[in-house]
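The file structure_34.cif contains mmCIF, C-alpha atoms:
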```
data_model
#
loop_
_atom_site.label_atom_id
_atom_site.label_comp_id
_atom_site.auth_asym_id
_atom_site.auth_seq_id
_atom_site.Cartn_x
_atom_site.Cartn_y
_atom_site.Cartn_z
CA MET A 1 178.93 99.88 113.67
CA SER A 2 176.19 99.17 116.19
CA LEU A 3 173.42 96.77 115.30
CA ASP A 4 169.85 97.97 115.81
CA THR A 5 167.61 95.08 116.77
CA ALA A 6 164.35 97.10 116.24
CA THR A 7 162.25 96.28 113.20
CA ALA A 8 162.66 98.82 110.43
CA PRO A 9 159.48 100.47 109.18
CA VAL A 10 158.22 99.31 105.80
CA SER A 11 157.95 102.05 103.22
CA PRO A 12 154.74 102.45 101.21
CA ALA A 13 156.68 101.75 98.03
CA THR A 14 157.69 98.28 99.23
CA ALA A 15 154.39 97.43 100.95
CA GLY A 16 152.27 94.69 99.39
CA PRO A 17 148.72 95.19 98.06
CA PRO A 18 146.07 95.67 100.75
CA ARG A 19 144.14 92.64 101.74
CA PRO A 20 140.56 92.65 100.47
CA SER A 21 137.96 92.77 103.20
CA LEU A 22 136.49 89.32 103.74
CA THR A 23 133.19 90.85 104.89
CA ARG A 24 132.39 92.73 101.70
CA HIS A 25 130.86 90.86 98.79
CA PRO A 26 131.11 92.27 95.26
CA LEU A 27 127.30 92.52 95.17
CA ARG A 28 127.18 94.63 98.33
CA GLY A 29 127.61 97.93 96.55
CA GLU A 30 125.02 97.00 93.90
CA VAL A 31 122.51 95.99 96.54
CA LEU A 32 122.93 99.01 98.83
CA ARG A 33 123.48 101.78 96.28
CA GLY A 34 122.56 102.70 92.76
CA PHE A 35 119.41 101.92 90.80
CA ALA A 36 118.26 98.73 92.58
CA PRO A 37 116.95 100.41 95.78
CA VAL A 38 115.20 103.02 93.63
CA ALA A 39 113.45 100.30 91.63
CA GLY A 40 112.33 98.48 94.79
CA SER A 41 111.04 101.70 96.34
CA ALA A 42 109.13 102.52 93.14
CA MET A 43 107.50 99.08 93.21
CA LEU A 44 106.50 99.51 96.86
CA LEU A 45 105.12 103.01 96.37
CA MET A 46 103.17 102.10 93.24
CA LEU A 47 101.53 99.05 94.81
CA LEU A 48 100.67 100.86 98.05
CA VAL A 49 99.05 103.74 96.17
CA ALA A 50 97.13 101.45 93.80
CA LEU A 51 95.89 99.25 96.65
CA GLY A 52 95.12 102.20 98.90
CA VAL A 53 92.89 103.85 96.31
CA SER A 54 90.70 100.73 96.08
CA ALA A 55 90.97 99.64 99.74
CA GLU A 56 87.20 99.68 100.28
CA GLN A 57 86.82 97.00 97.59
CA TRP A 58 89.14 94.41 99.20
CA GLN A 59 89.91 95.25 102.82
CA GLY A 60 88.30 92.74 105.14
CA GLY A 61 87.90 89.87 102.66
CA TRP A 62 90.81 87.47 102.19
CA ALA A 63 89.69 86.40 98.71
CA GLU A 64 89.18 90.02 97.65
CA THR A 65 92.59 90.95 99.04
CA ARG A 66 94.24 88.11 97.15
CA GLU A 67 92.50 89.03 93.89
CA HIS A 68 93.19 92.78 94.05
CA LEU A 69 96.80 92.26 95.08
CA HIS A 70 97.28 89.74 92.28
CA LEU A 71 95.71 91.89 89.57
CA THR A 72 97.55 95.03 90.69
CA THR A 73 100.89 93.23 90.89
CA VAL A 74 100.65 91.63 87.46
CA LEU A 75 99.07 94.54 85.58
CA LEU A 76 101.28 97.25 87.10
CA GLY A 77 104.17 95.44 88.76
CA VAL A 78 105.23 93.26 85.81
CA PRO A 79 105.55 96.21 83.39
CA LEU A 80 107.54 98.10 86.03
CA ALA A 81 109.81 95.08 86.56
CA LEU A 82 110.37 94.79 82.80
CA ALA A 83 111.25 98.47 82.55
CA ALA A 84 113.52 98.41 85.63
CA GLY A 85 115.40 95.36 84.39
CA CYS A 86 115.72 96.85 80.92
CA TRP A 87 117.11 100.14 82.28
CA GLN A 88 119.63 98.26 84.41
CA GLY A 89 120.61 96.09 81.44
CA GLY A 90 121.51 99.13 79.36
CA ARG A 91 123.60 100.71 82.10
CA GLU A 92 127.01 99.66 80.77
CA ARG A 93 126.16 100.91 77.30
CA ARG A 94 125.15 104.29 78.68
CA ARG A 95 128.38 104.45 80.69
CA GLY A 96 130.54 103.31 77.78
CA THR A 97 132.07 100.46 79.79
CA GLU A 98 130.96 97.50 77.67
CA GLU A 99 134.38 96.74 76.26
CA LEU A 100 135.98 97.04 79.69
CA LEU A 101 133.58 94.53 81.19
CA ALA A 102 134.00 92.22 78.20
CA SER A 103 137.69 91.96 79.00
CA ALA A 104 137.14 91.15 82.68
CA ALA A 105 138.18 87.81 84.07
CA ARG A 106 134.71 86.73 85.13
CA GLY A 107 132.35 85.31 82.55
CA ARG A 108 129.41 87.03 80.96
CA THR A 109 126.87 85.03 82.96
CA ALA A 110 128.49 86.06 86.25
CA GLY A 111 128.53 89.69 85.13
CA PHE A 112 124.87 89.45 84.16
CA VAL A 113 123.92 88.01 87.54
CA ALA A 114 125.90 90.70 89.38
CA SER A 115 123.93 93.37 87.52
CA ALA A 116 120.47 91.74 87.43
CA LEU A 117 120.21 90.09 90.84
CA PRO A 118 120.15 93.28 92.99
CA VAL A 119 117.33 94.80 90.93
CA ALA A 120 115.33 91.56 91.00
CA LEU A 121 115.75 91.21 94.76
CA TRP A 122 114.78 94.81 95.46
CA LEU A 123 111.68 94.50 93.27
CA ALA A 124 110.66 91.33 95.10
CA ALA A 125 111.34 93.02 98.45
CA GLY A 126 109.19 96.03 97.54
CA TYR A 127 106.39 93.67 96.54
CA ALA A 128 106.79 91.64 99.74
CA VAL A 129 106.38 94.75 101.90
CA ALA A 130 103.28 95.85 99.97
CA ALA A 131 101.76 92.35 100.13
CA THR A 132 102.44 92.16 103.88
CA ALA A 133 100.82 95.56 104.40
CA ALA A 134 97.73 94.48 102.43
CA HIS A 135 97.36 91.29 104.46
CA LEU A 136 97.76 93.17 107.74
CA ALA A 137 95.14 95.69 106.59
CA THR A 138 92.69 92.82 106.03
CA TRP A 139 93.63 90.83 109.13
CA TYR A 140 92.31 93.35 111.66
CA CYS A 141 88.86 93.53 110.00
CA SER A 142 88.66 90.10 108.34
CA MET A 143 85.17 88.61 108.01
CA GLY A 144 86.09 84.93 107.76
CA ASP A 145 87.95 82.71 105.28
CA ARG A 146 91.75 82.64 105.55
CA PRO A 147 94.75 83.97 103.62
CA ARG A 148 96.26 81.83 100.86
CA LEU A 149 99.94 82.55 100.24
CA ALA A 150 100.45 80.50 97.07
CA THR A 151 99.35 83.35 94.80
CA PRO A 152 101.52 86.07 96.42
CA LEU A 153 104.58 83.81 96.31
CA THR A 154 103.93 83.05 92.65
CA ASP A 155 103.58 86.75 91.86
CA ALA A 156 106.91 87.49 93.55
CA ALA A 157 108.59 84.87 91.33
CA VAL A 158 106.90 86.32 88.24
CA LEU A 159 108.28 89.79 89.09
CA VAL A 160 111.81 88.36 89.33
CA CYS A 161 111.40 86.63 85.96
CA ALA A 162 110.08 89.82 84.37
CA SER A 163 113.10 91.72 85.71
CA LEU A 164 115.48 89.16 84.16
CA LEU A 165 113.71 89.35 80.81
CA GLY A 166 113.91 93.13 80.92
CA GLN A 167 117.64 92.93 81.67
CA VAL A 168 118.16 90.79 78.56
CA ALA A 169 116.18 93.26 76.44
CA GLY A 170 118.24 96.15 77.80
CA ARG A 171 121.48 94.45 76.82
CA VAL A 172 120.34 93.41 73.37
CA VAL A 173 118.51 96.56 72.21
CA ALA A 174 120.64 99.71 72.20
CA TRP A 175 117.92 102.34 72.56
CA ARG A 176 117.06 104.56 75.50
CA LEU A 177 113.31 104.27 74.88
CA THR A 178 113.41 100.48 75.11
CA ALA A 179 112.48 100.46 78.82
CA PRO A 180 109.24 102.49 78.62
CA LEU A 181 108.19 100.82 75.38
CA LEU A 182 108.83 97.39 76.88
CA ALA A 183 106.67 98.28 79.88
CA ALA A 184 103.84 99.45 77.61
CA ALA A 185 104.13 96.32 75.48
CA GLY A 186 104.04 94.11 78.57
CA TYR A 187 100.87 95.82 79.79
CA VAL A 188 99.17 95.40 76.41
CA VAL A 189 100.20 91.76 76.02
CA LEU A 190 98.98 90.86 79.52
CA GLY A 191 95.64 92.52 78.83
CA MET A 192 95.24 90.76 75.48
CA LEU A 193 96.08 87.36 76.95
CA ASP A 194 93.60 87.80 79.78
CA HIS A 195 90.76 88.83 77.50
CA GLY A 196 91.44 86.19 74.88
CA ASN A 197 89.57 82.98 74.24
CA ARG A 198 89.14 80.99 77.44
CA ASP A 199 90.32 77.84 75.68
CA THR A 200 93.58 79.22 74.27
CA VAL A 201 96.61 81.17 75.43
CA ARG A 202 94.79 82.96 78.26
CA TYR A 203 95.99 80.27 80.65
CA LEU A 204 99.61 81.12 79.89
CA SER A 205 99.24 84.61 81.30
CA PRO A 206 100.38 85.18 84.90
CA LEU A 207 97.30 87.40 85.16
CA ALA A 208 95.02 84.36 84.81
CA ASP A 209 93.26 83.65 88.06
CA GLY A 210 90.16 81.96 89.34
CA SER A 211 87.18 83.82 90.75
CA LEU A 212 86.59 84.95 94.31
CA THR A 213 85.04 81.56 95.02
CA ALA A 214 87.84 79.54 93.33
CA VAL A 215 91.39 78.76 94.43
CA PRO A 216 94.26 77.29 92.38
CA VAL A 217 95.04 73.60 92.62
CA TRP A 218 98.17 72.88 94.63
CA TRP A 219 100.46 72.46 91.62
CA GLN A 220 99.28 75.45 89.55
CA PRO A 221 101.68 77.96 91.18
CA LEU A 222 104.61 75.59 90.61
CA VAL A 223 103.78 75.15 86.94
CA MET A 224 103.30 78.91 86.45
CA VAL A 225 106.73 79.56 88.00
CA ALA A 226 108.25 76.84 85.77
CA TRP A 227 106.65 78.47 82.71
CA THR A 228 107.78 82.04 83.39
CA GLY A 229 111.06 81.03 85.00
CA GLY A 230 111.98 78.72 82.14
CA LEU A 231 111.47 81.49 79.61
CA ALA A 232 113.52 83.95 81.68
CA ILE A 233 116.43 81.57 82.28
CA ALA A 234 116.47 80.53 78.62
CA ALA A 235 116.68 84.17 77.56
CA VAL A 236 119.50 84.84 80.04
CA LEU A 237 121.54 81.84 78.88
CA ALA A 238 120.97 82.64 75.22
CA CYS A 239 122.33 86.14 75.89
CA THR A 240 125.29 85.27 78.12
CA ALA A 241 126.34 81.61 77.75
CA ARG A 242 129.22 80.74 75.44
CA ARG A 243 127.14 77.96 73.95
CA GLY A 244 123.61 79.01 73.16
CA LEU A 245 122.43 75.39 73.11
CA VAL A 246 122.48 75.46 76.92
CA ALA A 247 119.32 77.57 76.76
CA LEU A 248 117.37 74.68 75.24
CA LEU A 249 117.01 72.89 78.59
CA PRO A 250 115.08 75.65 80.44
CA LEU A 251 113.21 76.37 77.22
CA ALA A 252 112.06 72.76 77.08
CA ALA A 253 110.95 72.98 80.72
CA ALA A 254 108.97 76.15 79.92
CA GLY A 255 107.37 74.41 76.93
CA ALA A 256 106.29 71.45 79.04
CA ALA A 257 104.84 73.72 81.72
CA GLY A 258 103.03 75.84 79.12
CA THR A 259 101.55 72.75 77.50
CA LEU A 260 100.26 71.56 80.87
CA LEU A 261 98.66 74.95 81.54
CA LEU A 262 96.93 74.96 78.16
CA GLN A 263 95.65 71.39 78.40
CA THR A 264 94.34 71.78 81.95
CA GLY A 265 92.45 75.03 81.29
CA ASP A 266 89.78 75.77 83.86
CA GLY A 267 90.92 72.71 85.81
CA LEU A 268 93.73 74.90 87.17
CA TRP A 269 91.25 76.15 89.78
CA ARG A 270 88.82 74.43 92.10
CA THR A 271 85.80 75.78 93.91
CA ASP A 272 86.53 77.07 97.38
CA PRO A 273 84.69 74.70 99.79
CA LEU A 274 83.77 77.66 102.00
CA ALA A 275 81.77 79.21 99.14
CA HIS A 276 79.19 76.40 99.50
CA ARG A 277 78.95 76.48 103.27
CA GLN A 278 76.84 78.68 105.53
CA VAL A 279 76.91 79.80 109.13
CA CYS A 280 73.42 80.21 110.54
CA ASP A 281 71.63 81.78 113.49
CA THR A 282 68.51 79.71 114.20
CA SER A 283 67.21 81.87 117.04
CA THR A 284 65.30 84.18 114.67
CA THR A 285 62.31 83.89 112.35
CA PRO A 286 63.34 83.26 109.61
CA ASP A 287 66.78 81.77 110.34
CA ILE A 288 69.65 83.97 109.15
CA CYS A 289 72.49 82.29 107.27
CA VAL A 290 75.57 84.01 105.86
CA ASN A 291 78.19 82.51 103.59
CA ALA A 292 81.02 80.90 105.55
CA ARG A 293 83.49 83.23 103.80
CA TYR A 294 81.91 86.08 105.77
CA ALA A 295 81.10 84.23 108.99
CA GLU A 296 82.21 87.16 111.16
CA MET A 297 79.39 89.26 109.65
CA LEU A 298 76.62 87.10 111.16
CA PRO A 299 76.22 89.13 114.40
CA GLN A 300 75.99 92.38 112.44
CA VAL A 301 73.47 90.96 109.97
CA ARG A 302 71.38 89.53 112.81
CA ASP A 303 71.33 92.89 114.59
CA ALA A 304 70.46 94.74 111.37
CA LEU A 305 67.52 92.38 110.74
CA SER A 306 66.39 92.20 114.36
CA GLY A 307 63.49 94.60 113.81
CA LEU A 308 62.27 92.68 110.76
CA THR A 309 62.57 89.24 112.34
CA GLY A 310 60.97 90.48 115.56
CA ARG A 311 57.86 91.61 113.64
CA LEU A 312 57.62 88.19 111.97
CA GLU A 313 57.62 86.21 115.21
CA GLY A 314 54.58 83.94 115.24
CA VAL A 315 53.79 84.54 111.55
CA ARG A 316 53.20 81.37 109.50
CA ASN A 317 54.18 80.63 105.89
CA VAL A 318 57.32 82.74 106.20
CA PRO A 319 60.42 81.35 104.42
CA VAL A 320 62.46 79.09 106.66
CA ARG A 321 65.71 81.01 106.30
CA PHE A 322 67.64 83.75 104.61
CA GLU A 323 70.25 81.83 102.60
CA ASP A 324 73.58 83.04 101.21
CA LEU A 325 74.77 80.46 98.69
CA PRO A 326 75.48 80.64 94.93
CA GLY A 327 72.39 80.17 92.78
CA ARG A 328 68.73 80.83 93.40
CA PRO A 329 67.21 80.11 96.83
CA GLY A 330 64.91 77.15 97.42
CA PRO A 331 61.11 77.46 97.49
CA ASP A 332 61.09 77.79 101.30
CA GLU A 333 64.04 80.20 101.41
CA ALA A 334 64.70 83.89 100.79
CA GLU A 335 67.96 85.23 99.44
CA LEU A 336 70.02 87.28 101.85
CA PRO A 337 70.91 90.73 100.46
CA MET A 338 74.32 90.64 98.83
CA MET A 339 77.34 91.67 100.86
CA THR A 340 79.57 91.57 97.78
CA PRO A 341 81.15 93.19 95.94
CA LEU A 342 82.80 94.84 98.89
CA GLY A 343 82.67 98.62 98.96
CA TRP A 344 78.88 98.93 98.74
CA SER A 345 76.89 97.42 101.59
CA VAL A 346 80.01 96.21 103.43
CA VAL A 347 83.21 98.23 103.90
CA ARG A 348 86.11 97.01 106.05
CA GLY A 349 84.00 94.37 107.72
CA ARG A 350 81.11 96.67 108.65
CA LEU A 351 77.63 97.18 107.22
CA THR A 352 77.54 100.67 105.78
CA ASP A 353 73.79 101.20 106.29
CA PRO A 354 71.97 98.62 108.46
CA ARG A 355 68.57 100.24 107.76
CA GLU A 356 68.99 99.95 104.01
CA TYR A 357 70.22 96.38 104.42
CA ALA A 358 67.13 95.50 106.45
CA TRP A 359 64.90 97.08 103.78
CA ALA A 360 66.60 95.00 101.07
CA ALA A 361 66.05 91.86 103.19
CA GLY A 362 62.37 92.72 103.50
CA MET A 363 62.08 93.08 99.74
CA MET A 364 63.75 89.69 99.28
CA LEU A 365 61.34 88.21 101.80
CA GLN A 366 58.28 89.51 99.95
CA GLY A 367 59.43 87.69 96.84
CA GLY A 368 57.12 88.15 93.86
CA GLY A 369 55.65 91.58 94.52
CA GLU A 370 57.21 92.79 91.26
CA CYS A 371 54.72 90.59 89.37
CA ASP A 372 51.89 92.96 90.35
CA ALA A 373 53.51 96.12 89.05
CA THR A 374 50.37 97.18 87.16
CA ASP A 375 47.81 96.52 89.91
CA PRO A 376 47.41 99.53 92.25
CA ARG A 377 45.62 97.62 95.02
CA ALA A 378 48.26 94.90 95.23
CA GLN A 379 51.00 97.48 95.11
CA ARG A 380 49.46 99.33 98.09
CA VAL A 381 49.40 96.06 100.03
CA HIS A 382 53.05 95.29 99.19
CA ASP A 383 54.01 98.83 100.14
CA ALA A 384 52.25 98.52 103.50
CA VAL A 385 54.03 95.23 104.29
CA GLU A 386 57.36 96.70 103.22
CA HIS A 387 56.83 99.76 105.41
CA PHE A 388 55.82 97.65 108.39
CA LEU A 389 58.69 95.15 108.19
CA ALA A 390 61.57 97.46 107.30
CA PRO A 391 60.83 100.78 105.57
CA SER A 392 63.29 102.20 103.11
CA PRO A 393 65.49 105.01 104.50
CA LEU A 394 64.28 107.03 101.51
CA SER A 395 60.55 106.35 101.98
CA ARG A 396 59.86 109.81 103.43
CA TYR A 397 61.71 111.44 100.53
CA PHE A 398 59.67 109.46 97.99
CA ASP A 399 56.42 110.32 99.77
CA GLU A 400 57.30 114.01 99.71
CA GLN A 401 58.12 113.81 96.01
CA LYS A 402 54.78 112.15 95.25
CA ALA A 403 52.94 114.77 97.35
CA GLU A 404 54.40 117.55 95.19
CA ARG A 405 53.10 116.04 91.95
CA GLY A 406 49.63 116.05 90.44
CA GLU A 407 46.26 115.35 92.05
CA ALA A 408 46.32 111.67 91.00
CA ASP A 409 49.68 111.07 92.68
CA ARG A 410 48.49 112.75 95.87
CA ALA A 411 45.35 110.62 95.89
CA GLU A 412 47.41 107.44 95.46
CA LEU A 413 49.77 108.53 98.25
CA LYS A 414 46.77 109.06 100.55
CA LYS A 415 45.58 105.49 99.86
CA ARG A 416 49.06 104.10 100.53
CA LEU A 417 49.32 105.94 103.83
CA ALA A 418 45.89 104.64 104.82
CA ALA A 419 46.94 101.03 104.02
CA ARG A 420 50.07 101.44 106.11
CA ALA A 421 48.03 102.80 109.00
CA ARG A 422 45.52 99.91 108.85
CA LEU A 423 48.28 97.29 109.04
CA THR A 424 50.05 99.09 111.87
CA SER A 425 46.86 99.61 113.89
CA MET A 426 45.88 95.91 113.88
CA GLY A 427 46.17 93.93 117.06
CA ASP A 428 49.08 91.53 117.30
CA GLU A 429 47.04 88.37 116.72
CA GLU A 430 45.03 89.92 113.88
CA ARG A 431 48.20 91.18 112.19
CA ARG A 432 49.95 87.80 112.52
CA ALA A 433 46.93 86.08 110.92
CA TRP A 434 46.81 88.62 108.07
CA LEU A 435 50.59 88.38 107.44
CA SER A 436 50.28 84.57 107.46
CA ARG A 437 47.71 84.83 104.66
CA TYR A 438 49.94 87.33 102.84
CA PHE A 439 53.03 85.11 102.93
CA ALA A 440 50.98 82.07 101.93
CA VAL A 441 50.67 83.57 98.42
CA ARG A 442 54.25 84.90 98.39
CA GLY A 443 55.60 84.81 94.87
CA GLU A 444 52.19 84.57 93.18
CA CYS A 445 51.81 86.83 90.16
CA ASP A 446 48.00 86.92 90.32
CA PRO A 447 47.08 90.18 92.14
CA SER A 448 43.64 88.84 93.02
CA VAL A 449 45.10 86.36 95.53
CA VAL A 450 46.80 89.10 97.55
CA PRO A 451 44.72 89.55 100.76
CA ALA A 452 42.84 92.82 101.08
CA LEU A 453 43.99 95.49 103.49
#
```
Hey, can you dump this file as structure tokens for me?
Amino acid sequence: MSLDTATAPVSPATAGPPRPSLTRHPLRGEVLRGFAPVAGSAMLLMLLVALGVSAEQWQGGWAETREHLHLTTVLLGVPLALAAGCWQGGRERRRGTEELLASAARGRTAGFVASALPVALWLAAGYAVAATAAHLATWYCSMGDRPRLATPLTDAAVLVCASLLGQVAGRVVAWRLTAPLLAAAGYVVLGMLDHGNRDTVRYLSPLADGSLTAVPVWWQPLVMVAWTGGLAIAAVLACTARRGLVALLPLAAAGAAGTLLLQTGDGLWRTDPLAHRQVCDTSTTPDICVNARYAEMLPQVRDALSGLTGRLEGVRNVPVRFEDLPGRPGPDEAELPMMTPLGWSVVRGRLTDPREYAWAAGMMLQGGGECDATDPRAQRVHDAVEHFLAPSPLSRYFDEQKAERGEADRAELKKRLAARARLTSMGDEERRAWLSRYFAVRGECDPSVVPAL
């Protein structure tokens, strides 16, 4: 018999088990396929649509962007995260594989993480893309201020916690309608907490936020994450750990964080320093100052008011400046027409109607003309000054409406037009002297002190 030195082929029957691929993690299939990508895409689409519908109200202002993104994420994103986690948590029951998974070698906590983590990550990723898009949409037309990332990062953590809580609910409650009902309940609870007493449980809600002119203290986001994260981890451990007492540790951490939130109250936020600062242009009469949060708007405001300030050059007794700070202006100041809320006079960093803005500034400059509402002579004088400084874009329409009314209205319109013509026809020096006398009694409610015209 001859000996064959070649290696004999191994038959499939005697071959050993195939080696598992070292590059594939058990979570890879959960992350790339199934319900998790759908949940993340739904989060992204919902936030983009909700933010896009109201873009005029936040685009261009960093504080407005932060507030709208925060409110939209918590009010709409948290219920969606609860529902998505709950639907994922009930997956094994719907498939009828609960007993099979219970007999697996890995523990219940590991199985929970393998099911819950992909959904939580995809929800956070969908939110991250939407938040990035919102910040980019504001960056190209920003008016000042700066972005603050503490709130978006906190909201991402809250969405993950809500997904984990929903997963626990889906495993505990065997009912297909649990997911939508949990989402509805989450929406209602968040709304009730936010509209509750300011000194009670309102501060425990992730919806709680300061105003546009307030920012959270540095530790508030950390405590909010500890509060929501502690509750979520405690619920997970109570559902999956062999010893339920393990859940007491994160529950205690959540209790301590919640107590701190309640005791601090409104101290969780501080006033934004920029809200009490102004940026001014002193080359005009009066000076023009805008709030530092909208510093990039100063050139536009100056151009819009250039006609008004040009007509006031050389006039005495005019307010020193247009100011743009919280509270009432000083005795030698006039309030600048409001640029907020965004979406009215300012959209995407641009004045929507410079003529109307200049008219509003002229009305602010005149001050107390509303005191003389019953005196026709004083009203004709105020109307003439208003028309000279910065007439309303609708003044012609109002004049035409008055001309179509009765004889008395037409007679009054004729007197108003005559007063306007007298002020316009004055020489420059005469008009400056008359306007100086007019502004000297600015704010007086006695119509007899208004100079004749």
Which residues are near Gln88 in chain A? Cut-off 12 Å, only C-alpha atoms, ignore same chain within fewer than 2 positions. Put them as a CSV table (one decimal) with C-alpha atoms, in the frame of the given file.
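The resulting file, out.csv, is shown below:
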```csv
chain,number,residue,atom,x,y,z
A,30,GLU,CA,125.0,97.0,93.9
A,34,GLY,CA,122.6,102.7,92.8
A,35,PHE,CA,119.4,101.9,90.8
A,36,ALA,CA,118.3,98.7,92.6
A,37,PRO,CA,117.0,100.4,95.8
A,38,VAL,CA,115.2,103.0,93.6
A,39,ALA,CA,113.4,100.3,91.6
A,81,ALA,CA,109.8,95.1,86.6
A,82,LEU,CA,110.4,94.8,82.8
A,83,ALA,CA,111.2,98.5,82.6
A,84,ALA,CA,113.5,98.4,85.6
A,85,GLY,CA,115.4,95.4,84.4
A,86,CYS,CA,115.7,96.8,80.9
A,90,GLY,CA,121.5,99.1,79.4
A,91,ARG,CA,123.6,100.7,82.1
A,92,GLU,CA,127.0,99.7,80.8
A,93,ARG,CA,126.2,100.9,77.3
A,94,ARG,CA,125.2,104.3,78.7
A,95,ARG,CA,128.4,104.4,80.7
A,112,PHE,CA,124.9,89.4,84.2
A,113,VAL,CA,123.9,88.0,87.5
A,114,ALA,CA,125.9,90.7,89.4
A,115,SER,CA,123.9,93.4,87.5
A,116,ALA,CA,120.5,91.7,87.4
A,117,LEU,CA,120.2,90.1,90.8
A,118,PRO,CA,120.2,93.3,93.0
A,119,VAL,CA,117.3,94.8,90.9
A,120,ALA,CA,115.3,91.6,91.0
A,163,SER,CA,113.1,91.7,85.7
A,164,LEU,CA,115.5,89.2,84.2
A,165,LEU,CA,113.7,89.4,80.8
A,166,GLY,CA,113.9,93.1,80.9
A,167,GLN,CA,117.6,92.9,81.7
A,168,VAL,CA,118.2,90.8,78.6
A,169,ALA,CA,116.2,93.3,76.4
A,170,GLY,CA,118.2,96.2,77.8
A,171,ARG,CA,121.5,94.4,76.8
A,176,ARG,CA,117.1,104.6,75.5
A,178,THR,CA,113.4,100.5,75.1
A,179,ALA,CA,112.5,100.5,78.8
```
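Take CA of Leu212 in chain A and CA of Cys280 in chain A: the distance between them is 21.4 Å.
The smallest atom-to-atom distance between Met338 in chain A and any of A:Ala378, A:Val290, A:Cys161, A:Ala253, using all atoms listed in the file, is found for A:Val290.
For the pair CA of Met339 in chain A and CA of Pro216 in chain A, the separation is 23.8 Å.
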List the residues matched by the PyMOL selection byres ((chain A and resi 223-237) around 7) in the displayed structure as an MDAnalysis selection string, ordered by chain and then by residue number. chainID A and resid 154 157:158 161 164:165 168 219:222 238:241 244 246:248 250:251 253:254 257:258
Could you work out how far CA of Ser345 in chain A lies from CA of His382 in chain A, giving the answer in Å with one decimal? 24.1 Å
Using only C-alpha atoms, which residues sit within 9 Å of Pro152 in chain A once same-chain residues fewer than 5 positions away are excluded, as a short mmCIF file (atom, residue, chain, number, x, y, z; two decimals) with C-alpha atoms, keeping the file's coordinate frame?
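The resulting file, around24.cif, is shown below:
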```
data_model
loop_
_atom_site.label_atom_id
_atom_site.label_comp_id
_atom_site.auth_asym_id
_atom_site.auth_seq_id
_atom_site.Cartn_x
_atom_site.Cartn_y
_atom_site.Cartn_z
CA ARG A 66 94.24 88.11 97.15
CA LEU A 69 96.80 92.26 95.08
CA HIS A 70 97.28 89.74 92.28
CA ALA A 128 106.79 91.64 99.74
CA ALA A 131 101.76 92.35 100.13
CA ALA A 157 108.59 84.87 91.33
#
```
Hits from the PyMOL selection byres ((chain A and resi 314-329) around 7), listed as number ranges by chain: A: 276, 278, 286-291, 312-313, 330-336, 432, 435-436, 439-440
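You can rank A:His68, A:Arg431, A:Arg146, A:Arg396 by their closest distance to Ala292 in chain A using all atoms listed in the file, and at the top of that list sits A:Arg146.
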Give me the result of the PyMOL selection byres ((chain A and resi 76) around 9) on this file, residue by residue, as a VMD selection string. chain A and resid 43 46 to 47 50 71 to 75 77 to 81 187
With all atoms listed in the file as the counted atoms, please give the residues lying no more than 7 Å from Gly343 in chain A, apart from itself and same-chain residues fewer than 3 positions off, as a PDB file with C-alpha atoms, in the frame of the given file.
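The new file out.pdb reads:
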```pdb
ATOM      1  CA  GLU A  56      87.200  99.680 100.280  1.00  0.00           C
ATOM      2  CA  GLN A  57      86.820  97.000  97.590  1.00  0.00           C
ATOM      3  CA  VAL A 346      80.010  96.210 103.430  1.00  0.00           C
ATOM      4  CA  VAL A 347      83.210  98.230 103.900  1.00  0.00           C
TER       5      VAL A 347
END
```
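Of the listed residues A:Thr285, A:Thr138, A:Thr259, A:Thr132, the one whose atoms come nearest to Gly307 in chain A is A:Thr285, with distances taken using all atoms listed in the file.
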Please determine, counting only C-alpha atoms, which residue among A:Ser142, A:Ser211, A:Ser54, A:Ser392 has the shortest atom-to-atom distance to Leu268 in chain A. A:Ser211
Of the residues A:Pro206, A:Met143, A:Ala408, A:Val279, which is the one nearest to Gly191 in chain A, using only C-alpha atoms? A:Pro206
Taking only C-alpha atoms into account, name the residue in A:Gly443, A:Pro337, A:Pro451, A:Gly349 that is nearest to Arg380 in chain A. A:Pro451
Pick out the residues sitting within 9 Å of range 417-429 of chain A, and hand them over as a PyMOL selection string; count only C-alpha atoms, and ignore anything fewer than 2 positions along from it in its own chain. chain A and resi 314+380-381+383-385+387-388+412-415+431-434+453
